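*Asks:* So here's work.pdb, just PDB, C-alpha atoms:
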```
ATOM      1  CA  MET A 206     130.117  72.821 120.292
ATOM      2  CA  ARG A 207     133.273  70.715 120.033
ATOM      3  CA  ILE A 208     133.703  68.169 122.834
ATOM      4  CA  PHE A 209     136.822  66.165 123.723
ATOM      5  CA  SER A 210     137.799  63.730 126.441
ATOM      6  CA  GLY A 211     140.351  60.965 126.911
ATOM      7  CA  ILE A 212     140.344  57.756 128.923
ATOM      8  CA  GLN A 213     143.205  55.575 130.119
ATOM      9  CA  PRO A 214     143.485  51.996 128.767
ATOM     10  CA  THR A 215     144.163  50.513 132.188
ATOM     11  CA  GLY A 216     142.386  47.205 131.684
ATOM     12  CA  ARG A 217     138.916  46.566 133.060
ATOM     13  CA  LYS A 218     136.768  49.652 133.567
ATOM     14  CA  HIS A 219     134.907  50.158 136.809
ATOM     15  CA  LEU A 220     131.799  51.850 138.147
ATOM     16  CA  GLY A 221     133.691  55.069 138.871
ATOM     17  CA  ASN A 222     134.767  55.304 135.223
ATOM     18  CA  TYR A 223     131.220  54.653 134.075
ATOM     19  CA  ILE A 224     129.525  57.196 136.342
ATOM     20  CA  GLY A 225     132.243  59.850 136.404
ATOM     21  CA  ALA A 226     133.279  59.835 132.736
ATOM     22  CA  ILE A 227     131.526  57.458 130.333
ATOM     23  CA  ARG A 228     128.024  58.785 131.030
ATOM     24  CA  GLY A 229     129.345  62.242 130.167
ATOM     25  CA  TYR A 230     130.711  60.862 126.904
ATOM     26  CA  LEU A 231     127.244  59.646 125.950
ATOM     27  CA  ASP A 232     125.772  63.054 126.669
ATOM     28  CA  GLY A 233     128.549  64.668 124.651
ATOM     29  CA  GLN A 234     127.851  62.395 121.708
ATOM     30  CA  GLU A 235     124.380  63.941 121.524
ATOM     31  CA  ARG A 236     125.639  67.536 121.753
ATOM     32  CA  GLY A 237     129.082  67.531 120.159
ATOM     33  CA  ASP A 238     129.879  68.745 116.654
ATOM     34  CA  PRO A 239     131.942  66.671 116.740
ATOM     35  CA  ALA A 240     132.354  64.722 119.976
ATOM     36  CA  ILE A 241     135.919  63.371 120.104
ATOM     37  CA  TYR A 242     137.018  60.566 122.441
ATOM     38  CA  CYS A 243     140.582  59.347 122.721
ATOM     39  CA  ILE A 244     142.033  56.235 124.345
ATOM     40  CA  VAL A 245     145.223  57.705 125.763
ATOM     41  CA  ASP A 246     147.774  54.920 125.433
ATOM     42  CA  LEU A 247     150.677  57.402 125.506
ATOM     43  CA  HIS A 248     149.615  58.448 128.989
ATOM     44  CA  ALA A 249     149.662  54.815 130.075
ATOM     45  CA  THR A 250     153.445  54.731 129.591
ATOM     46  CA  SER A 251     153.985  57.362 132.324
ATOM     47  CA  VAL A 252     153.850  54.678 135.048
ATOM     48  CA  ALA A 253     155.011  51.055 135.185
ATOM     49  CA  TYR A 254     153.003  48.996 132.660
ATOM     50  CA  ASP A 255     153.120  45.802 130.591
ATOM     51  CA  PRO A 256     153.905  46.583 126.904
ATOM     52  CA  GLY A 257     152.569  43.201 125.837
ATOM     53  CA  ALA A 258     149.223  43.819 127.513
ATOM     54  CA  LEU A 259     148.698  47.449 126.478
ATOM     55  CA  PRO A 260     147.304  46.810 122.960
ATOM     56  CA  GLY A 261     144.688  44.477 124.422
ATOM     57  CA  TYR A 262     143.799  47.031 127.087
ATOM     58  CA  VAL A 263     143.176  49.583 124.329
ATOM     59  CA  LEU A 264     140.735  47.192 122.655
ATOM     60  CA  ASP A 265     139.130  46.414 126.020
ATOM     61  CA  THR A 266     138.548  50.106 126.652
ATOM     62  CA  ALA A 267     137.274  50.834 123.147
ATOM     63  CA  GLY A 268     134.927  47.855 123.356
ATOM     64  CA  MET A 269     133.620  49.019 126.715
ATOM     65  CA  LEU A 270     132.959  52.537 125.423
ATOM     66  CA  MET A 271     131.120  51.164 122.424
ATOM     67  CA  ALA A 272     129.138  48.782 124.635
ATOM     68  CA  ALA A 273     128.092  51.723 126.801
ATOM     69  CA  GLY A 274     126.656  53.462 123.747
ATOM     70  CA  LEU A 275     129.402  55.341 121.906
ATOM     71  CA  ASP A 276     128.841  54.971 118.155
ATOM     72  CA  PRO A 277     131.987  55.400 115.998
ATOM     73  CA  ASP A 278     129.747  56.745 113.223
ATOM     74  CA  ARG A 279     128.347  59.477 115.490
ATOM     75  CA  CYS A 280     131.540  60.456 117.333
ATOM     76  CA  ILE A 281     135.297  60.283 116.720
ATOM     77  CA  LEU A 282     136.789  57.401 118.712
ATOM     78  CA  PHE A 283     140.511  56.719 118.289
ATOM     79  CA  ARG A 284     143.808  55.660 119.841
ATOM     80  CA  GLN A 285     146.046  58.546 120.906
ATOM     81  CA  SER A 286     149.309  57.127 119.516
ATOM     82  CA  ASP A 287     147.768  56.868 116.033
ATOM     83  CA  VAL A 288     147.771  60.678 115.789
ATOM     84  CA  LYS A 289     151.362  61.908 116.097
ATOM     85  CA  GLU A 290     150.266  65.517 116.454
ATOM     86  CA  HIS A 291     149.472  64.846 120.129
ATOM     87  CA  SER A 292     153.156  64.267 120.913
ATOM     88  CA  GLU A 293     154.274  67.133 118.686
ATOM     89  CA  LEU A 294     151.966  69.656 120.332
ATOM     90  CA  CYS A 295     152.937  68.406 123.795
ATOM     91  CA  TRP A 296     156.558  69.359 123.145
ATOM     92  CA  LEU A 297     155.632  72.798 121.855
ATOM     93  CA  LEU A 298     153.266  73.558 124.735
ATOM     94  CA  GLY A 299     156.163  72.895 127.090
ATOM     95  CA  SER A 300     157.443  76.328 126.030
ATOM     96  CA  VAL A 301     154.455  78.020 127.719
ATOM     97  CA  THR A 302     153.944  75.710 130.715
ATOM     98  CA  PRO A 303     155.683  76.848 133.934
ATOM     99  CA  TYR A 304     157.617  74.248 135.887
ATOM    100  CA  GLY A 305     155.962  75.471 139.075
ATOM    101  CA  ASP A 306     152.482  74.705 137.729
ATOM    102  CA  LEU A 307     153.455  71.087 137.125
ATOM    103  CA  GLN A 308     154.921  70.804 140.625
ATOM    104  CA  ARG A 309     151.508  71.663 142.049
ATOM    105  CA  MET A 310     149.598  68.954 140.188
ATOM    106  CA  THR A 311     147.895  66.665 142.701
ATOM    107  CA  GLN A 312     147.933  63.556 140.524
ATOM    108  CA  PHE A 313     151.699  63.723 140.091
ATOM    109  CA  LYS A 314     152.153  63.806 143.853
ATOM    110  CA  ASP A 315     149.764  60.884 144.351
ATOM    111  CA  LYS A 316     151.062  58.666 141.550
ATOM    112  CA  SER A 317     154.758  59.369 142.110
ATOM    113  CA  ALA A 318     154.345  58.345 145.752
ATOM    114  CA  ARG A 319     153.099  54.920 144.598
ATOM    115  CA  GLU A 320     155.937  54.254 142.141
ATOM    116  CA  GLN A 321     158.386  51.862 143.766
ATOM    117  CA  GLN A 322     161.406  52.021 141.444
ATOM    118  CA  LEU A 323     161.190  54.860 138.933
ATOM    119  CA  VAL A 324     159.294  58.150 138.868
ATOM    120  CA  ARG A 325     159.268  58.913 135.167
ATOM    121  CA  THR A 326     159.706  62.370 133.683
ATOM    122  CA  SER A 327     156.656  61.593 131.562
ATOM    123  CA  LEU A 328     154.574  61.361 134.736
ATOM    124  CA  PHE A 329     155.658  64.902 135.604
ATOM    125  CA  THR A 330     154.881  66.214 132.099
ATOM    126  CA  TYR A 331     151.671  64.183 131.830
ATOM    127  CA  PRO A 332     149.503  67.340 132.257
ATOM    128  CA  VAL A 333     151.201  68.988 129.270
ATOM    129  CA  LEU A 334     150.312  66.024 127.060
ATOM    130  CA  GLN A 335     146.778  66.139 128.434
ATOM    131  CA  ALA A 336     146.595  69.830 127.541
ATOM    132  CA  ALA A 337     147.843  68.970 124.059
ATOM    133  CA  ASP A 338     145.159  66.295 123.709
ATOM    134  CA  ILE A 339     142.451  68.853 124.433
ATOM    135  CA  LEU A 340     143.851  71.936 122.707
ATOM    136  CA  LEU A 341     144.758  70.086 119.513
ATOM    137  CA  TYR A 342     141.046  69.797 118.715
ATOM    138  CA  ARG A 343     140.055  73.281 119.908
ATOM    139  CA  ALA A 344     137.602  71.645 122.279
ATOM    140  CA  ASP A 345     134.984  73.868 123.905
ATOM    141  CA  GLN A 346     134.035  71.333 126.584
ATOM    142  CA  VAL A 347     135.801  68.435 128.307
ATOM    143  CA  PRO A 348     133.577  65.928 130.180
ATOM    144  CA  VAL A 349     135.634  64.622 133.126
ATOM    145  CA  GLY A 350     135.360  63.445 136.711
ATOM    146  CA  GLU A 351     136.096  65.788 139.604
ATOM    147  CA  ASP A 352     139.677  64.474 139.900
ATOM    148  CA  GLN A 353     140.512  65.922 136.465
ATOM    149  CA  ARG A 354     139.314  69.461 137.136
ATOM    150  CA  GLN A 355     142.852  70.659 137.930
ATOM    151  CA  HIS A 356     144.158  69.289 134.632
ATOM    152  CA  VAL A 357     141.501  71.079 132.580
ATOM    153  CA  GLU A 358     142.239  74.314 134.450
ATOM    154  CA  LEU A 359     145.903  73.921 133.522
ATOM    155  CA  SER A 360     144.881  73.402 129.886
ATOM    156  CA  ARG A 361     142.970  76.687 130.008
ATOM    157  CA  GLU A 362     146.000  78.480 131.426
ATOM    158  CA  VAL A 363     148.328  76.937 128.815
ATOM    159  CA  ALA A 364     145.983  78.015 125.991
ATOM    160  CA  ARG A 365     145.764  81.533 127.452
ATOM    161  CA  ARG A 366     149.545  81.833 127.764
ATOM    162  CA  PHE A 367     150.128  80.428 124.251
ATOM    163  CA  ASN A 368     147.659  82.878 122.722
ATOM    164  CA  SER A 369     149.155  85.863 124.549
ATOM    165  CA  THR A 370     152.656  84.831 123.441
ATOM    166  CA  TYR A 371     152.137  83.680 119.862
ATOM    167  CA  GLY A 372     148.695  84.918 118.807
ATOM    168  CA  GLU A 373     145.118  83.641 119.028
ATOM    169  CA  VAL A 374     145.343  80.015 117.900
ATOM    170  CA  LEU A 375     144.030  77.810 120.716
ATOM    171  CA  VAL A 376     140.640  77.618 122.472
ATOM    172  CA  GLU A 377     140.273  77.718 126.269
ATOM    173  CA  PRO A 378     138.189  74.652 127.207
ATOM    174  CA  GLU A 379     135.654  74.242 130.004
ATOM    175  CA  ALA A 380     135.424  71.180 132.238
ATOM    176  CA  VAL A 381     131.994  69.507 132.333
ATOM    177  CA  ILE A 382     131.662  67.637 135.634
ATOM    178  CA  PRO A 383     128.520  65.732 136.662
ATOM    179  CA  GLU A 384     126.642  67.226 139.607
ATOM    180  CA  THR A 385     126.048  63.769 141.100
ATOM    181  CA  GLY A 386     128.650  61.009 140.978
ATOM    182  CA  ALA A 387     131.582  63.195 139.957
ATOM    183  CA  ARG A 388     133.865  61.235 142.282
ATOM    184  CA  ILE A 389     132.915  57.647 143.098
ATOM    185  CA  MET A 390     134.907  56.276 146.019
ATOM    186  CA  ASP A 391     136.422  52.873 146.787
ATOM    187  CA  LEU A 392     133.864  50.710 148.583
ATOM    188  CA  GLN A 393     136.421  49.532 151.154
ATOM    189  CA  ASN A 394     138.259  52.827 151.507
ATOM    190  CA  PRO A 395     135.681  55.579 150.935
ATOM    191  CA  GLU A 396     138.273  58.274 151.566
ATOM    192  CA  SER A 397     139.952  57.345 148.243
ATOM    193  CA  LYS A 398     138.468  57.326 144.768
ATOM    194  CA  MET A 399     137.624  54.052 143.058
ATOM    195  CA  SER A 400     140.694  53.208 140.972
ATOM    196  CA  THR A 401     142.387  50.221 139.356
ATOM    197  CA  THR A 402     145.830  51.582 140.270
ATOM    198  CA  GLY A 403     145.420  52.871 143.816
ATOM    199  CA  GLY A 404     142.299  51.166 145.106
ATOM    200  CA  THR A 405     141.435  47.847 146.714
ATOM    201  CA  GLU A 406     140.173  44.841 144.739
ATOM    202  CA  ALA A 407     137.231  44.371 147.108
ATOM    203  CA  GLY A 408     136.384  48.055 146.755
ATOM    204  CA  LEU A 409     136.179  47.986 142.955
ATOM    205  CA  VAL A 410     132.984  47.238 141.046
ATOM    206  CA  TYR A 411     133.936  46.371 137.477
ATOM    207  CA  ILE A 412     131.512  47.044 134.659
ATOM    208  CA  ASP A 413     131.831  43.435 133.512
ATOM    209  CA  ASP A 414     131.339  41.920 136.999
ATOM    210  CA  GLU A 415     128.520  39.402 137.312
ATOM    211  CA  ALA A 416     125.409  40.616 139.129
ATOM    212  CA  ASP A 417     125.923  38.473 142.232
ATOM    213  CA  ALA A 418     129.530  39.679 142.557
ATOM    214  CA  ILE A 419     128.373  43.300 142.377
ATOM    215  CA  VAL A 420     125.737  42.806 145.060
ATOM    216  CA  LYS A 421     128.236  41.019 147.305
ATOM    217  CA  LYS A 422     130.808  43.828 147.000
ATOM    218  CA  VAL A 423     128.248  46.526 147.741
ATOM    219  CA  LYS A 424     126.866  44.628 150.746
ATOM    220  CA  ARG A 425     130.409  44.463 152.149
ATOM    221  CA  ALA A 426     131.066  48.175 151.575
ATOM    222  CA  GLN A 427     132.654  49.935 154.525
ATOM    223  CA  THR A 428     130.309  52.256 156.390
ATOM    224  CA  ASP A 429     130.215  54.032 159.738
ATOM    225  CA  SER A 430     128.741  52.688 162.957
ATOM    226  CA  GLY A 431     125.465  54.576 162.576
ATOM    227  CA  SER A 432     122.246  53.484 160.916
ATOM    228  CA  GLU A 433     120.782  56.548 159.185
ATOM    229  CA  VAL A 434     120.928  56.628 155.377
ATOM    230  CA  VAL A 435     121.988  60.265 155.126
ATOM    231  CA  ARG A 436     125.016  62.055 153.748
ATOM    232  CA  GLY A 437     127.521  63.731 156.017
ATOM    233  CA  PRO A 438     131.219  64.613 156.383
ATOM    234  CA  ASP A 439     131.634  61.802 158.922
ATOM    235  CA  LYS A 440     129.700  59.270 156.793
ATOM    236  CA  ALA A 441     131.938  58.850 153.743
ATOM    237  CA  GLY A 442     130.862  55.274 152.977
ATOM    238  CA  ILE A 443     127.111  55.913 153.124
ATOM    239  CA  THR A 444     127.498  59.202 151.253
ATOM    240  CA  ASN A 445     129.259  57.308 148.462
ATOM    241  CA  LEU A 446     126.513  54.664 148.288
ATOM    242  CA  ILE A 447     123.801  57.335 148.207
ATOM    243  CA  GLU A 448     125.547  59.007 145.259
ATOM    244  CA  ILE A 449     125.880  55.687 143.443
ATOM    245  CA  TYR A 450     122.224  54.770 143.989
ATOM    246  CA  ALA A 451     121.061  58.232 142.912
ATOM    247  CA  VAL A 452     122.881  57.853 139.599
ATOM    248  CA  ALA A 453     121.716  54.278 139.066
ATOM    249  CA  ARG A 454     118.082  55.283 139.586
ATOM    250  CA  GLY A 455     118.290  58.711 137.956
ATOM    251  CA  VAL A 456     117.153  60.627 141.050
ATOM    252  CA  GLU A 457     118.580  63.276 143.360
ATOM    253  CA  PRO A 458     120.492  62.226 146.515
ATOM    254  CA  GLU A 459     117.893  63.999 148.665
ATOM    255  CA  GLN A 460     115.224  61.704 147.254
ATOM    256  CA  VAL A 461     117.314  58.669 148.195
ATOM    257  CA  GLU A 462     117.566  59.897 151.774
ATOM    258  CA  ARG A 463     113.789  60.317 151.935
ATOM    259  CA  GLU A 464     113.171  56.896 150.378
ATOM    260  CA  PHE A 465     115.299  55.106 152.992
ATOM    261  CA  GLU A 466     114.365  57.180 156.027
ATOM    262  CA  GLY A 467     114.075  54.909 159.039
ATOM    263  CA  GLN A 468     115.682  51.920 157.274
ATOM    264  CA  GLY A 469     119.020  50.369 158.212
ATOM    265  CA  TYR A 470     122.221  49.976 156.260
ATOM    266  CA  GLY A 471     121.631  46.299 155.433
ATOM    267  CA  ALA A 472     118.478  46.818 153.375
ATOM    268  CA  PHE A 473     119.965  49.907 151.758
ATOM    269  CA  LYS A 474     123.146  48.133 150.650
ATOM    270  CA  GLN A 475     121.160  45.253 149.167
ATOM    271  CA  THR A 476     119.043  47.686 147.143
ATOM    272  CA  VAL A 477     122.081  49.648 145.965
ATOM    273  CA  GLY A 478     123.845  46.463 144.861
ATOM    274  CA  GLU A 479     120.831  45.331 142.840
ATOM    275  CA  ALA A 480     120.439  48.774 141.250
ATOM    276  CA  VAL A 481     124.105  48.836 140.189
ATOM    277  CA  ALA A 482     123.848  45.295 138.791
ATOM    278  CA  ASP A 483     120.801  46.332 136.739
ATOM    279  CA  LEU A 484     122.564  49.474 135.510
ATOM    280  CA  LEU A 485     125.649  47.627 134.293
ATOM    281  CA  ALA A 486     124.112  44.401 132.946
ATOM    282  CA  PRO A 487     123.320  45.659 129.406
ATOM    283  CA  VAL A 488     126.797  47.167 129.047
ATOM    284  CA  ARG A 489     128.467  43.959 130.271
ATOM    285  CA  ASP A 490     126.497  41.776 127.863
ATOM    286  CA  ARG A 491     127.098  44.034 124.872
ATOM    287  CA  TYR A 492     130.803  44.311 125.728
ATOM    288  CA  ARG A 493     131.233  40.553 125.570
ATOM    289  CA  GLU A 494     129.700  40.506 122.104
ATOM    290  CA  LEU A 495     131.909  43.310 120.811
ATOM    291  CA  ARG A 496     135.146  42.098 122.388
ATOM    292  CA  ALA A 497     134.748  38.761 120.597
ATOM    293  CA  ASP A 498     135.548  40.598 117.327
ATOM    294  CA  PRO A 499     138.777  42.573 117.939
ATOM    295  CA  GLY A 500     139.160  43.252 114.222
ATOM    296  CA  ALA A 501     135.962  45.278 114.165
ATOM    297  CA  ILE A 502     137.091  47.340 117.158
ATOM    298  CA  GLU A 503     140.474  47.956 115.532
ATOM    299  CA  ALA A 504     138.778  49.070 112.310
ATOM    300  CA  ALA A 505     136.629  51.543 114.253
ATOM    301  CA  LEU A 506     139.729  53.001 115.928
ATOM    302  CA  GLU A 507     141.549  53.342 112.601
ATOM    303  CA  GLN A 508     138.570  55.113 111.086
ATOM    304  CA  GLY A 509     138.440  57.443 114.068
ATOM    305  CA  ALA A 510     142.150  58.223 113.822
ATOM    306  CA  GLY A 511     141.704  59.286 110.216
ATOM    307  CA  ARG A 512     138.912  61.678 111.178
ATOM    308  CA  ALA A 513     140.938  62.988 114.128
ATOM    309  CA  ARG A 514     143.915  63.744 111.877
ATOM    310  CA  GLU A 515     141.671  65.805 109.592
ATOM    311  CA  ILE A 516     141.208  68.199 112.518
ATOM    312  CA  ALA A 517     144.645  67.898 114.112
ATOM    313  CA  VAL A 518     146.880  68.455 111.083
ATOM    314  CA  PRO A 519     145.645  71.958 110.171
ATOM    315  CA  VAL A 520     145.685  73.035 113.823
ATOM    316  CA  MET A 521     149.317  71.938 114.111
ATOM    317  CA  ALA A 522     150.131  73.853 110.943
ATOM    318  CA  GLU A 523     148.746  77.017 112.562
ATOM    319  CA  VAL A 524     150.647  76.347 115.798
ATOM    320  CA  ASN A 525     153.930  75.840 113.919
ATOM    321  CA  SER A 526     153.398  78.970 111.867
ATOM    322  CA  ALA A 527     152.572  81.049 114.944
ATOM    323  CA  MET A 528     155.734  79.807 116.685
ATOM    324  CA  GLY A 529     157.929  80.507 113.673
ATOM    325  CA  LEU A 530     158.649  76.851 112.947
ATOM    326  CA  GLY A 531     159.115  75.377 109.499
ATOM    327  CA  PRO A 532     159.820  77.107 106.183
ATOM    328  CA  LEU A 533     158.572  80.594 105.293
ATOM    329  CA  SER A 534     155.160  80.402 103.650
TER     330      SER A 534
END
```
Would you write out, as structure tokens, the structure that this file holds?

*Replies:*
Amino acid sequence: MRIFSGIQPTGRKHLGNYIGAIRGYLDGQERGDPAIYCIVDLHATSVAYDPGALPGYVLDTAGMLMAAGLDPDRCILFRQSDVKEHSELCWLLGSVTPYGDLQRMTQFKDKSAREQQLVRTSLFTYPVLQAADILLYRADQVPVGEDQRQHVELSREVARRFNSTYGEVLVEPEAVIPETGARIMDLQNPESKMSTTGGTEAGLVYIDDEADAIVKKVKRAQTDSGSEVVRGPDKAGITNLIEIYAVARGVEPEQVEREFEGQGYGAFKQTVGEAVADLLAPVRDRYRELRADPGAIEAALEQGAGRAREIAVPVMAEVNSAMGLGPLS
């Protein structure tokens, strides 16, 4: 079982990243042979960004993953731009990716609407690079949040079209999406997912937030005018908090509803805030220790890149041969 996933180096990681993606990485580390995790700095260049800050963001993200429990000796953890085969395969997969498929990608529509000055071509072709990231390692499974389901489906279609055109080379991956917490929403705008790029500062719970700050943010979370702690289509804020608490306590959402039956929102929010603070405290403390030694994080990424290339190089050789590129063998 080969497992792959990538994560953006967009600075501080938040609760949505932890619940929707990082927990899946930890599970994959136990099951994968190997489990491969990539910090996708090339993807970060598809929107406006600070080149001077990006290298530090990569180390921040790697440190956070390691603090959460990823072990560079038990998985392959690396920086995307250190393995040039990602970019090479992206270009080649463009030959089997229809323009119309990219036009339908939800994330392109959302992100391009937020760009004030320049909508980059790389933002449009972002899904092709993401497909290359996955297919380069012949991944069987891709642990992701619900918002990435469409991208993994495109990767499957690209692999299918490549294989039917050039021969059986690539593997069609499956998305692995958590049943609970697949899409954690902004605490102040529960109709939108928690995000560092499109969310609100008050609606974000960062993994490295102090406990009192976490509790304060959760207590101020936007909810409806009712009082019942139950999920519902007209109760987006409370539904989100129930999902968060269920993950933090390792229980089903139905059990949360039973536990808080007859109680008001105030007591519930306080309990959720404390549970989230407890969940994140060990990761926050370990992250601070690791981030104090950037050289060690960099060494782990370099080691991971070497192991990633051992897989990527022969796959690219097969892709090139199938497409008739390079000298006759």

*Asks:* How far is it from CA of Glu235 in chain A to CA of Ala505 in chain A, in Å with one decimal?

*Replies:*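 So the two atoms, CA of Glu235 in chain A and CA of Ala505 in chain A, lie 18.9 Å apart.
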
*Asks:* Quick one: pull the distance between CA of Glu479 in chain A and CA of Ile212 in chain A, Å, one decimal.

*Replies:*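 About the pair CA of Glu479 in chain A and CA of Ile212 in chain A: they are 27.0 Å apart.
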
*Asks:* Box in all listed atoms of range 419-424 of chain A, axis-aligned, with 3 Å more on each side; write out centre and edge lengths in Å to one decimal as lines of an AutoDock Vina configuration file.

*Replies:*
```
center_x = 128.3
center_y = 43.8
center_z = 146.6
size_x = 11.1
size_y = 11.5
size_z = 14.4
```

*Asks:* Quick check, in Å to one decimal: how far apart do CA of Gly305 in chain A and CA of Ser292 in chain A lie?

*Replies:*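 Value for the CA of Gly305 in chain A-CA of Ser292 in chain A distance: 21.5 Å.
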
*Asks:* Give me the residues within 8 Å of Val420 in chain A as a PyMOL selection string, counting all atoms listed in the file and dropping any in the same chain fewer than 4 places off.

*Replies:* chain A and resi 416+424+475+477-479+481-482

*Asks:* If the PyMOL selection byres ((chain A and resi 241) around 12) is run on the structure shown, which residues does it catch, given as a ChimeraX atom specification?

*Replies:* /A:206-212,230-231,233-240,242-244,275-285,338-348,506,509-510,512-514,516-517

*Asks:* Apply the PyMOL selection byres ((chain A and resi 309-312) around 10) to the structure shown and report the selected residues as a VMD selection string.

*Replies:* chain A and resid 304 to 308 313 to 318 328 to 329 331 to 332 352 to 353 355 to 356 359

*Asks:* Which residues fall under the PyMOL selection byres ((chain A and resi 441) around 12) in this file, as a compact mmCIF listing (two decimals) with C-alpha atoms, keeping the file's coordinate frame?

*Replies:*
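Resulting contents of selection08.txt:
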```txt
# COMPACT_ATOMS: atom_id res chain seq x y z
CA ARG A 388 133.86 61.24 142.28
CA ILE A 389 132.92 57.65 143.10
CA MET A 390 134.91 56.28 146.02
CA ASP A 391 136.42 52.87 146.79
CA LEU A 392 133.86 50.71 148.58
CA GLN A 393 136.42 49.53 151.15
CA ASN A 394 138.26 52.83 151.51
CA PRO A 395 135.68 55.58 150.94
CA GLU A 396 138.27 58.27 151.57
CA SER A 397 139.95 57.34 148.24
CA LYS A 398 138.47 57.33 144.77
CA ALA A 426 131.07 48.18 151.57
CA GLN A 427 132.65 49.94 154.52
CA THR A 428 130.31 52.26 156.39
CA ASP A 429 130.22 54.03 159.74
CA SER A 430 128.74 52.69 162.96
CA GLY A 431 125.46 54.58 162.58
CA VAL A 434 120.93 56.63 155.38
CA VAL A 435 121.99 60.26 155.13
CA ARG A 436 125.02 62.06 153.75
CA GLY A 437 127.52 63.73 156.02
CA PRO A 438 131.22 64.61 156.38
CA ASP A 439 131.63 61.80 158.92
CA LYS A 440 129.70 59.27 156.79
CA GLY A 442 130.86 55.27 152.98
CA ILE A 443 127.11 55.91 153.12
CA THR A 444 127.50 59.20 151.25
CA ASN A 445 129.26 57.31 148.46
CA LEU A 446 126.51 54.66 148.29
CA ILE A 447 123.80 57.34 148.21
CA GLU A 448 125.55 59.01 145.26
```

*Asks:* If you count only C-alpha atoms, which residues fall within 8 Å of Ile412 in chain A, apart from same-chain ones fewer than 4 positions away, as a count of residues only?

*Replies:* 8

*Asks:* Given all atoms listed in the file as the basis, pick out the residue of A:Ala258, A:Leu375, A:Ile382, A:Val252 nearest to Arg319 in chain A.

*Replies:*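 Checking each of A:Ala258, A:Leu375, A:Ile382, A:Val252 against Arg319 in chain A, counting all atoms listed in the file, the winner is A:Val252.
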
*Asks:* Which of these residues is nearest to Gly274 in chain A, using only C-alpha atoms: A:Pro487, A:Gly511, A:Pro214, A:Gly372?

*Replies:*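 Using only C-alpha atoms, Gly274 in chain A sits closest to A:Pro487.
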
*Asks:* I need the residue nearest Tyr254 in chain A from this list: A:Glu515, A:Asn222, A:Lys289, A:Thr215. Use only C-alpha atoms for the distance.

*Replies:*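 Counting only C-alpha atoms, the residue closest to Tyr254 in chain A is A:Thr215.
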
*Asks:* Of the candidates A:Thr476, A:Ser300, A:Asn368, A:Ser400, which one gets nearest to Tyr450 in chain A if we count all atoms listed in the file?

*Replies:*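 Selected residue with least distance to Tyr450 in chain A: A:Thr476.
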
*Asks:* Choose the residue, out of A:Val374, A:Leu294, A:Ala486, A:Ala253, that has the smallest atom-to-atom separation from Leu323 in chain A; count all atoms listed in the file.

*Replies:*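 Between A:Val374, A:Leu294, A:Ala486, A:Ala253, the residue approaching Leu323 in chain A most closely is A:Ala253.
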
*Asks:* Show which residues sit within 7 Å of range 361-366 of chain A, as a PyMOL selection string. Count all atoms listed in the file, and ignore same-chain residues fewer than 5 positions away.

*Replies:* chain A and resi 301-302+375-378

*Asks:* Using all atoms listed in the file, which of A:Ile224, A:Val524, A:Ala451, A:Leu533 sits nearest Val349 in chain A?

*Replies:*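 Closest to Val349 in chain A of all the choices is A:Ile224.
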